[in-house]
Amino acid sequence: MPSVKLLFACRVVPVLALLAACAHGSSDETKSESEQELTTLYQRTCGGRLAQACFEQAERLRVGDGVTKDVARAATLYELGCNGDDLRACVALGVLKEEGRGVAKDEAEAARLYARGCERDLPEGCGHLALLYGEGRAVAKDLAQAVRLYERGCAGDDRLSCNNLGVLKLMGGFGVEQDVAAGMGMLVQACNRSLGVACLTVAREFDQGVRTRKDARLASSYFRMACGMGAQEACTSANAAVVAKPEPTPAVTPEEGAKLDGVRAMCELGTGVGLGMACHMMGTAYEKGAGVAVNPGRATMFYQRACDHEVPEACGDVRRMLGLTADGAKVEAPKQSVLQSLQLDPAKTAPEKPKQSVLQSLQLDAGKVSANAKPAPRASVDRWKEECQDGKGEGDACARLGAVLLEGSAGLQVDVKRGMKLLEDACLKRAPAACVRLWSVLSSGDEALKIGPAPLVGLAFLETGCEARDGGDACNLLGMALTNTPRPYANLGKGIQAWRDGCLGHEDTNSCVLFLAMTRKLAASGPEALRADAQGSIPGIQAQACKARMKDACEALGQPMPKDVLRVRHLRTDCDAGDPDACADLALKYRQANEGSRFATVERNLEEELRVAEKGCAGGSSDACLQLAERSSEKVAGVPRDLEAAFARSEQACAMKSGAACELLEKLLREYRHLGPDAPQVKEARARACLYLAAGSWSARECGK
């Protein structure tokens, strides 16, 4: 029987419904009475058979778009849509509950609804939840969490998040280091998403010239944009005379218009050097008003795209359009907060830290980082214990600690009962790695751990992981488990739905490969009545597969491979926010790319690999320190072998209870310091490796001998 969730997805990807129908076509199962009633309810109440119809109708009622404005009725329809798993409806209902419009004021329920959306990668949910954390309403005040949520929301192009994070970076507040360039860039991004207050802030920056270059022309243009978006303060500003006069759209001939459209298409769809130059031309057109109305925001975005595609002069144009000096230097000592509601104290702006080359950072003084230079660094596992709080704290920490307890590593004894409990707690807190680990144990059982098979329980955990942020691996495994099995729980329709969620929701390459393959199979050999629909769905699925860095899909569409996928962007955001484990995971993603893995989820960038590994190691990740040690001990193009750094980093990671690092240290001592197996340093490294390695590993068994 197809689930309600599967029915909701049909309208987004029509072929999915067809595949589901094929999966059930040979059975006598029919739609349940509850599903029929739900469809009837949507048709009668919202004018459509899907939950999204409720959201769309509620939007019209909320603003009075073609109907009589009725916020209370809108709230009812938002709730109906939210109960049908339309996350947009959940967040919209949260806004009404937070403000007490059309429904009883309930900030705690609003926070829950926002969190539901944010956890499943609806960026608007993150932005609204961040506001509550920043002000301590309905949740404990946590400025660091607010910043993390803003970063997550802005990464998803939520204009509220980009605006508020941009102000924080512009001013320096909530513990965020001042970065005028980044702040202005985020504000321009929010302005381009039609947020009038963001355009107004940018206009004031150019008008006042405190942090940026004073530029009356840019100020007038952004005041005009803000006024057009309903920001009345912009319309009555000192630039009112200019604001009131709209920017004229130049007259162009059809030939000129076609030429400009060709340049735009080359920028948006092209490849190689031509793409960057076309984007630069579009930036110039929007800045100068050549064939289009002057729009500095769009000009900045096109210049940024050209800069990203290695057009050097475009990078200078970006800094210029953001009002920075020629070299991008920041103007010190801001005088006034832009958004008084954020209550920022300019005097507390963090001082700028001196920059250092990532490659230079590897030229380490062994005496400064070795375990002998100071007390042993804090082990990652000890940090996880503190953050997990025996299952009551952070899900990611519990997931990592639970895995350690199952394998008996980092000096801990195997504790199956506690390890499984921590993994369950972490999975329910939407840590997908914990859900995947539970499936690996429960799908067929684990004789060594004395755990019998419980595949149905494991599938439930996979479903939870698939719904979580970055749950692509869980979705892919769920799809495989439901389709590639003779067991009674096989369900082709639900399996394809899982691949669809992994591909479209998480940009998971493997899910996209399988989802596209199933669609092509139906297009080629499915029932005659379904082939045309399946064939028509292929381009859209190919586009998403290309977005997930599936090379064949990009080549078929003539598109360049994207720089990264959603999971990598989330890791980068978390790493920048100070999560050392995210830095270690991100460094591993870069390493896979730099070593030429065909499954790489990010472009090659050795310098970035080393930078994030350094950040993770400094933050207390033994895995990140180990990666630096391995890189320093290898001959890698662009990084000279540095044995002193390798010794220092491996000792540091070994002291942090990494068995692999202790093994590497032993190897280095024997190969490069030519010490025998009985040398005290070698014996100590071997003893520590045996203490920290996973109990069931080959190396640990050798220790027993």
# chains A, B, ... in the order shown; residues from 1 in each chain; ligands from 1
>>> residues_around(residues="Gln145 in chain A", least_positions_apart="3", cutoff="10 Å", atoms="only C-alpha atoms", output="list in words")
Leu129, Ala130, Tyr133, Gly134, Lys141, Asp142, Arg148, Leu149, Tyr150, Glu151, Phe174 and Ala577 of chain A
>>> write_last_selection(atoms="N, CA, C and O atoms", output="PDB file, in the first residue's frame")
ATOM      1  N   LEU A 129      13.967  29.956  13.463  1.00  0.00           N
ATOM      2  CA  LEU A 129      14.408  29.357  14.727  1.00  0.00           C
ATOM      3  C   LEU A 129      15.604  30.110  15.286  1.00  0.00           C
ATOM      4  O   LEU A 129      15.737  30.284  16.506  1.00  0.00           O
ATOM      5  N   ALA A 130      16.490  30.573  14.401  1.00  0.00           N
ATOM      6  CA  ALA A 130      17.664  31.328  14.850  1.00  0.00           C
ATOM      7  C   ALA A 130      17.252  32.591  15.598  1.00  0.00           C
ATOM      8  O   ALA A 130      17.873  32.965  16.607  1.00  0.00           O
ATOM      9  N   TYR A 133      16.435  31.668  19.149  1.00  0.00           N
ATOM     10  CA  TYR A 133      17.633  31.391  19.948  1.00  0.00           C
ATOM     11  C   TYR A 133      18.390  32.678  20.258  1.00  0.00           C
ATOM     12  O   TYR A 133      18.961  32.836  21.346  1.00  0.00           O
ATOM     13  N   GLY A 134      18.420  33.602  19.304  1.00  0.00           N
ATOM     14  CA  GLY A 134      19.137  34.852  19.535  1.00  0.00           C
ATOM     15  C   GLY A 134      18.500  35.704  20.611  1.00  0.00           C
ATOM     16  O   GLY A 134      19.190  36.431  21.327  1.00  0.00           O
ATOM     17  N   LYS A 141      18.390  30.957  25.534  1.00  0.00           N
ATOM     18  CA  LYS A 141      19.179  31.866  24.693  1.00  0.00           C
ATOM     19  C   LYS A 141      20.544  31.253  24.405  1.00  0.00           C
ATOM     20  O   LYS A 141      21.258  30.826  25.299  1.00  0.00           O
ATOM     21  N   ASP A 142      20.885  31.178  23.131  1.00  0.00           N
ATOM     22  CA  ASP A 142      22.137  30.547  22.706  1.00  0.00           C
ATOM     23  C   ASP A 142      22.595  31.250  21.433  1.00  0.00           C
ATOM     24  O   ASP A 142      22.155  30.924  20.331  1.00  0.00           O
ATOM     25  N   ARG A 148      24.819  29.452  14.062  1.00  0.00           N
ATOM     26  CA  ARG A 148      24.866  28.219  13.265  1.00  0.00           C
ATOM     27  C   ARG A 148      23.603  28.058  12.413  1.00  0.00           C
ATOM     28  O   ARG A 148      23.664  27.636  11.255  1.00  0.00           O
ATOM     29  N   LEU A 149      22.466  28.394  13.010  1.00  0.00           N
ATOM     30  CA  LEU A 149      21.210  28.264  12.260  1.00  0.00           C
ATOM     31  C   LEU A 149      21.125  29.286  11.135  1.00  0.00           C
ATOM     32  O   LEU A 149      20.629  28.986  10.044  1.00  0.00           O
ATOM     33  N   TYR A 150      21.597  30.501  11.394  1.00  0.00           N
ATOM     34  CA  TYR A 150      21.633  31.499  10.322  1.00  0.00           C
ATOM     35  C   TYR A 150      22.524  31.022   9.173  1.00  0.00           C
ATOM     36  O   TYR A 150      22.187  31.176   7.997  1.00  0.00           O
ATOM     37  N   GLU A 151      23.666  30.444   9.513  1.00  0.00           N
ATOM     38  CA  GLU A 151      24.578  29.958   8.476  1.00  0.00           C
ATOM     39  C   GLU A 151      23.925  28.852   7.658  1.00  0.00           C
ATOM     40  O   GLU A 151      24.041  28.799   6.429  1.00  0.00           O
ATOM     41  N   PHE A 174      27.360  38.581  18.303  1.00  0.00           N
ATOM     42  CA  PHE A 174      27.008  37.199  18.615  1.00  0.00           C
ATOM     43  C   PHE A 174      28.257  36.307  18.526  1.00  0.00           C
ATOM     44  O   PHE A 174      28.168  35.133  18.199  1.00  0.00           O
ATOM     45  N   ALA A 577      31.764  27.064  11.819  1.00  0.00           N
ATOM     46  CA  ALA A 577      31.129  27.448  13.084  1.00  0.00           C
ATOM     47  C   ALA A 577      31.859  26.875  14.296  1.00  0.00           C
ATOM     48  O   ALA A 577      31.476  27.159  15.427  1.00  0.00           O
TER      49      ALA A 577
END
>>> select_by_dssp(residues="range 469-663 of chain A", states="helix (DSSP H, G or I)", output="count of residues only")
141
>>> residues_around(residues="Leu478 in chain A", least_positions_apart="5", cutoff="8 Å", atoms="only C-alpha atoms", output="PDB file with N, CA, C and O atoms, in the first residue's frame")
ATOM      1  N   LEU A 459      15.049  -1.158   9.424  1.00  0.00           N
ATOM      2  CA  LEU A 459      14.411  -0.346   8.390  1.00  0.00           C
ATOM      3  C   LEU A 459      13.762   0.905   8.989  1.00  0.00           C
ATOM      4  O   LEU A 459      13.796   1.983   8.383  1.00  0.00           O
ATOM      5  N   LEU A 462      16.434   3.355   9.424  1.00  0.00           N
ATOM      6  CA  LEU A 462      16.836   3.930   8.136  1.00  0.00           C
ATOM      7  C   LEU A 462      15.841   4.992   7.673  1.00  0.00           C
ATOM      8  O   LEU A 462      16.234   6.028   7.124  1.00  0.00           O
ATOM      9  N   GLU A 463      14.549   4.745   7.873  1.00  0.00           N
ATOM     10  CA  GLU A 463      13.540   5.729   7.486  1.00  0.00           C
ATOM     11  C   GLU A 463      13.741   7.032   8.254  1.00  0.00           C
ATOM     12  O   GLU A 463      13.625   8.121   7.697  1.00  0.00           O
ATOM     13  N   CYS A 466      16.774   8.770   6.791  1.00  0.00           N
ATOM     14  CA  CYS A 466      16.507   9.328   5.467  1.00  0.00           C
ATOM     15  C   CYS A 466      15.811  10.676   5.571  1.00  0.00           C
ATOM     16  O   CYS A 466      15.999  11.547   4.714  1.00  0.00           O
ATOM     17  N   GLY A 495      10.837   1.799  -2.045  1.00  0.00           N
ATOM     18  CA  GLY A 495      12.272   1.847  -2.315  1.00  0.00           C
ATOM     19  C   GLY A 495      12.626   2.965  -3.276  1.00  0.00           C
ATOM     20  O   GLY A 495      13.599   3.705  -3.079  1.00  0.00           O
ATOM     21  N   ALA A 498      12.464   6.250  -1.583  1.00  0.00           N
ATOM     22  CA  ALA A 498      13.664   6.528  -0.788  1.00  0.00           C
ATOM     23  C   ALA A 498      14.780   7.079  -1.674  1.00  0.00           C
ATOM     24  O   ALA A 498      15.477   8.021  -1.301  1.00  0.00           O
ATOM     25  N   TRP A 499      14.955   6.482  -2.866  1.00  0.00           N
ATOM     26  CA  TRP A 499      15.988   6.993  -3.779  1.00  0.00           C
ATOM     27  C   TRP A 499      15.631   8.400  -4.246  1.00  0.00           C
ATOM     28  O   TRP A 499      16.514   9.251  -4.396  1.00  0.00           O
TER      29      TRP A 499
END
>>> residues_around(residues="Pro123 in chain A", least_positions_apart="3", cutoff="8 Å", atoms="only C-alpha atoms", output="list in words")
Gly117, Cys118, Cys126, Gly127, Arg152, Gly153, Cys154, Ala155, Gly156, Asp157 and Asp158 of chain A
>>> closest_residue(among="A:Leu113, A:Leu428, A:Ala448, A:Val188", to="Glu407 in chain A", atoms="only C-alpha atoms")
A:Ala448
>>> closest_residue(among="A:Arg400, A:Lys551, A:Arg320, A:Lys450", to="Ala434 in chain A", atoms="only C-alpha atoms")
A:Arg400
>>> residues_around(residues="Arg686 in chain A", least_positions_apart="6", cutoff="9 Å", atoms="only C-alpha atoms", output="count of residues only")
5
>>> atom_distance(atom1="CA of Cys475 in chain A", atom2="CA of Pro580 in chain A")
25.8 Å
>>> residues_around(residues="Gly81 in chain A", least_positions_apart="5", cutoff="12 Å", atoms="only C-alpha atoms", output="mmCIF file with C-alpha atoms, in the first residue's frame")
data_model
loop_
_atom_site.group_PDB
_atom_site.id
_atom_site.type_symbol
_atom_site.label_atom_id
_atom_site.label_comp_id
_atom_site.auth_asym_id
_atom_site.auth_seq_id
_atom_site.Cartn_x
_atom_site.Cartn_y
_atom_site.Cartn_z
ATOM 1 C CA PHE A 8 2.605 13.732 -1.911
ATOM 2 C CA LEU A 38 -7.416 12.407 3.392
ATOM 3 C CA THR A 39 -7.546 12.951 -0.368
ATOM 4 C CA LEU A 41 -10.467 16.273 2.704
ATOM 5 C CA TYR A 42 -7.804 18.062 0.650
ATOM 6 C CA THR A 45 -11.058 21.970 1.970
ATOM 7 C CA CYS A 46 -8.098 23.103 -0.124
ATOM 8 C CA GLY A 48 -6.723 19.911 -4.505
ATOM 9 C CA ARG A 49 -5.833 16.335 -3.625
ATOM 10 C CA LEU A 50 -2.374 17.038 -2.169
ATOM 11 C CA ALA A 51 -1.186 18.726 1.020
ATOM 12 C CA GLN A 52 0.590 21.412 -0.974
ATOM 13 C CA ALA A 53 -2.814 22.629 -2.199
ATOM 14 C CA CYS A 54 -3.565 23.583 1.410
ATOM 15 C CA PHE A 55 -0.368 25.607 1.626
ATOM 16 C CA GLU A 56 -1.102 27.424 -1.627
ATOM 17 C CA GLN A 57 -4.678 28.245 -0.634
ATOM 18 C CA ALA A 58 -3.527 29.377 2.823
ATOM 19 C CA GLU A 59 -0.984 31.734 1.228
ATOM 20 C CA ALA A 74 -5.143 30.449 6.581
ATOM 21 C CA ALA A 75 -3.853 29.109 9.899
ATOM 22 C CA THR A 76 -6.289 26.201 9.706
ATOM 23 C CA ASP A 86 4.289 20.006 3.723
ATOM 24 C CA LEU A 87 7.173 21.639 5.609
ATOM 25 C CA ARG A 88 6.474 25.074 4.139
ATOM 26 C CA ALA A 89 3.047 24.945 5.766
ATOM 27 C CA CYS A 90 4.653 23.985 9.095
ATOM 28 C CA VAL A 91 6.965 27.002 9.071
ATOM 29 C CA ALA A 92 4.202 29.363 7.906
ATOM 30 C CA LEU A 93 1.991 28.102 10.753
#
>>> closest_residue(among="A:Gly445, A:Pro677, A:Gly175, A:Gly536", to="Gly578 in chain A", atoms="only C-alpha atoms")
A:Gly175
